[in-house]
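**Q** After the structure tokens below, expect a handful of questions from me.
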2 protein chains.
Amino acid sequence: MTGGPRSGCPINAAVEVLGDRWTLLVLRDVILGDRRHFRQLQSQSEEGIASNILADRLRSLVEAGLLTRDDAGRGQRATYSLTESAIQLVPIIVHLGAWGSRHRPTSPVLRAGAEFMEAAGPELWDDLMAELRERHLGIPRPATTGPTATERLAAAYETIVATHQND
Amino acid sequence: MTGGPRSGCPINAAVEVLGDRWTLLVLRDVILGDRRHFRQLQSQSEEGIASNILADRLRSLVEAGLLTRDDAGRGQRATYSLTESAIQLVPIIVHLGAWGSRHRPTSPVLRAGAEFMEAAGPELWDDLMAELRERHLGIPRPATTGPTATERLAAAYETIVATHQND
């Protein structure tokens, strides 16, 4: 958006930045897929994002302060990092996935994954946010014992795939 | 969307329906503003939605099963009602408002309102969803004592406005 927000409403303020499907899918892929480079974000896109759309959305996200771009000197090698405001979208992304699982047609495996993330609750989401802060912002995670959020998600995903392999 | 979802991902499934700023703002106005008619939705829009955009988004929301349209026989007099899937967006809308409050420029009064809704937590959101089910789907609310969610929100809003009146 240029020219300032259209109203003072916080919901409007959020959707002016996020209210575009490709923007949310790019954020999903950085947050849950750990994709940090243009080429990865394009070639691994489940939805087949076009390169001009990806370039445009990455530029908007940097402008809006949701991503930073660390330019290594050669265009497509730049690394994108989440900012704190983008990391705080984790609960919204989980809720969107849970809502999509319940109300739209989706794949059984990915649906089970989204349901796992919702059921695990804020404790897992907070752990994931702490991991993202470490990877993207260099802020050390609080010392914890046991598996990380990413490890727990990977383990859940393996179980789900095994459960559904005869579907 | 025509032609089915672009992937089986539940987050994609959600944003294919919701990932458009005007769609989310129309839903906000029906859910939080109790606006049920085209003319209300247009004339009271804080963001000045254009009538062709409003007509298009209402049509899409009916097609996607998020709204139903009760046609009274004359175009602009039709009444729109939320479906159960749209009512279940309440937590997402609250989280979007909370995120917008924290990370984007917003008006102090509306920001305080969004913060109140977030802080009140799932208990208030559930009450609001029960009220919406009653108003839009004719499902009686569970008997409760004390003020309704709408009354609590209105009271909070009055307090907030009084607090900010010298800003």
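In the structure tokens, chains take the letters A, B, ... in the order shown, each chain's residues start at 1, and ligands count up from 1 in the order shown.
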Using only C-alpha atoms, what table do you get, as a Markdown table, when you list each residue of chain B with an atom no more than 6 Å from chain A, its nearest pair of atoms, and their distance in Å rounded to one decimal, rows by chain then rising number?
**A**
```
| residue | atom | partner | partner_atom | distance |
| --- | --- | --- | --- | --- |
| B:Arg6 | CA | A:Glu47 | CA | 5.2 |
| B:Ser7 | CA | A:Glu47 | CA | 5.7 |
| B:Gly8 | CA | A:Thr106 | CA | 4.4 |
| B:Cys9 | CA | A:Leu110 | CA | 5.7 |
| B:Pro10 | CA | A:Gly100 | CA | 4.6 |
| B:Ile11 | CA | A:Gly97 | CA | 4.2 |
| B:Ala13 | CA | A:Gly100 | CA | 5.4 |
| B:Ala14 | CA | A:Gly100 | CA | 4.5 |
| B:Val15 | CA | A:Arg21 | CA | 5.2 |
| B:Gly19 | CA | A:Arg21 | CA | 4.2 |
| B:Asp20 | CA | A:Gly19 | CA | 4.7 |
| B:Arg21 | CA | A:Gly19 | CA | 4.3 |
| B:Glu47 | CA | A:Arg6 | CA | 5.2 |
| B:Leu96 | CA | A:Ile11 | CA | 5.6 |
| B:Gly97 | CA | A:Ile11 | CA | 4.2 |
| B:Gly100 | CA | A:Ala14 | CA | 4.5 |
| B:Ser101 | CA | A:Pro10 | CA | 5.1 |
| B:Thr106 | CA | A:Gly8 | CA | 4.4 |
| B:Ser107 | CA | A:Gly8 | CA | 4.5 |
| B:Leu110 | CA | A:Cys9 | CA | 5.7 |
```
**Q** May I have the selected residues written with N, CA and C atoms, as a CSV table (one decimal), in the first residue's frame?
**A**
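The result, stored in again.csv:
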```
chain,number,residue,atom,x,y,z
B,6,ARG,N,-5.3,-24.9,-5.7
B,6,ARG,CA,-4.0,-25.1,-6.4
B,6,ARG,C,-3.1,-26.1,-5.7
B,7,SER,N,-3.5,-26.5,-4.4
B,7,SER,CA,-2.7,-27.5,-3.7
B,7,SER,C,-3.6,-28.1,-2.6
B,8,GLY,N,-3.2,-29.2,-2.0
B,8,GLY,CA,-4.0,-29.8,-0.9
B,8,GLY,C,-3.7,-29.1,0.4
B,9,CYS,N,-2.9,-28.1,0.5
B,9,CYS,CA,-2.6,-27.4,1.8
B,9,CYS,C,-3.7,-26.7,2.4
B,10,PRO,N,-4.0,-26.9,3.7
B,10,PRO,CA,-5.1,-26.3,4.3
B,10,PRO,C,-4.9,-24.7,4.4
B,11,ILE,N,-3.7,-24.3,4.5
B,11,ILE,CA,-3.4,-22.8,4.6
B,11,ILE,C,-3.8,-22.2,3.3
B,13,ALA,N,-5.8,-23.5,1.1
B,13,ALA,CA,-7.3,-23.6,1.0
B,13,ALA,C,-8.0,-22.4,1.7
B,14,ALA,N,-7.5,-22.1,2.9
B,14,ALA,CA,-8.1,-20.9,3.6
B,14,ALA,C,-7.8,-19.6,2.8
B,15,VAL,N,-6.6,-19.4,2.3
B,15,VAL,CA,-6.3,-18.1,1.7
B,15,VAL,C,-6.9,-18.0,0.3
B,19,GLY,N,-8.0,-14.8,1.2
B,19,GLY,CA,-6.8,-14.0,0.9
B,19,GLY,C,-7.1,-12.9,-0.1
B,20,ASP,N,-7.9,-12.0,0.4
B,20,ASP,CA,-8.2,-10.8,-0.4
B,20,ASP,C,-8.6,-9.8,0.6
B,21,ARG,N,-8.0,-8.6,0.6
B,21,ARG,CA,-8.4,-7.7,1.7
B,21,ARG,C,-9.8,-7.3,1.8
B,47,GLU,N,-13.5,2.0,5.0
B,47,GLU,CA,-12.5,2.0,4.0
B,47,GLU,C,-13.0,2.4,2.7
B,96,LEU,N,-6.0,-11.2,13.8
B,96,LEU,CA,-5.5,-10.2,12.8
B,96,LEU,C,-5.5,-8.8,13.4
B,97,GLY,N,-6.6,-8.5,14.1
B,97,GLY,CA,-6.7,-7.2,14.8
B,97,GLY,C,-5.6,-7.0,15.8
B,100,GLY,N,-2.4,-6.5,13.9
B,100,GLY,CA,-2.4,-5.1,13.3
B,100,GLY,C,-2.1,-4.0,14.4
B,101,SER,N,-2.7,-4.2,15.5
B,101,SER,CA,-2.5,-3.3,16.6
B,101,SER,C,-1.1,-3.2,17.1
B,106,THR,N,-2.4,2.4,13.7
B,106,THR,CA,-3.8,2.3,13.8
B,106,THR,C,-4.3,3.4,14.7
B,107,SER,N,-5.6,3.6,14.8
B,107,SER,CA,-6.2,4.6,15.7
B,107,SER,C,-6.2,4.1,17.1
B,110,LEU,N,-9.5,2.3,18.2
B,110,LEU,CA,-9.7,1.0,17.6
B,110,LEU,C,-8.6,0.0,18.1
```
**Q** Give the strand (DSSP E or B) residues of chain A, as assigned by DSSP on the backbone, as a list in words.
**A**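 DSSP on the backbone gives strand (DSSP E or B) at Asp20, His37, Leu67, Thr68, Arg69, Asp70, Thr79, Tyr80, Ser81 and Leu82 of chain A.
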**Q** Could you state the separation of atom CA of B:Ile31 and atom CA of B:Ala162 in Å, given to one decimal place?
**A** 24.3 Å
**Q** Step one, run DSSP on the backbone; step two, keep only residues of stretch 3-74 of chain B assigned to alpha helix (DSSP H); then write them as a ChimeraX atom specification.
**A** /B:10-18,21-31,38-43,51-63
**Q** Using atom CA of A:His37 and atom CA of A:Thr79 as the two end points, give the distance in Å to one decimal.
**A**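 Distance reported for this atom pair: 5.3 Å.
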**Q** Could you give me, as a ChimeraX atom specification, the residues within 12 Å of B:Asn52, counting only C-alpha atoms and dropping anything in the same chain fewer than 6 positions from it?
**A** /B:22,38,42,58-59
**Q** Those residues you just picked out, can you put them in a file as a compact mmCIF listing (two decimals), in the first residue's frame with N, CA and C atoms?
**A**
```
# COMPACT_ATOMS: atom_id res chain seq x y z
N TRP B 22 -10.48 -7.11 0.68
CA TRP B 22 -11.88 -6.68 0.75
C TRP B 22 -12.78 -7.78 1.29
N PHE B 38 -26.61 -4.88 1.62
CA PHE B 38 -25.66 -4.27 0.70
C PHE B 38 -25.45 -2.79 1.02
N GLN B 42 -22.04 -0.91 2.20
CA GLN B 42 -21.32 0.07 1.41
C GLN B 42 -21.24 1.43 2.10
N LEU B 58 -19.35 -10.16 -2.18
CA LEU B 58 -20.53 -10.82 -1.61
C LEU B 58 -20.89 -12.05 -2.43
N ARG B 59 -20.82 -11.92 -3.75
CA ARG B 59 -21.13 -13.05 -4.62
C ARG B 59 -20.15 -14.20 -4.36
```
**Q** Env of stretch 134-136 of chain B: 12 Å cut, atoms = only C-alpha atoms, seq-sep filter 4 positions within chain, self excluded. Answer as number ranges by chain.
**A** B: 30-31, 34-36, 66-70, 79-87, 127-130, 140-143, 148, 150
**Q** Could you state the separation of atom CA of B:Ser60 and atom CA of B:Arg39 in Å, given to one decimal place?
**A**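 According to the coordinates, atom CA of B:Ser60 and atom CA of B:Arg39 are separated by 17.5 Å.
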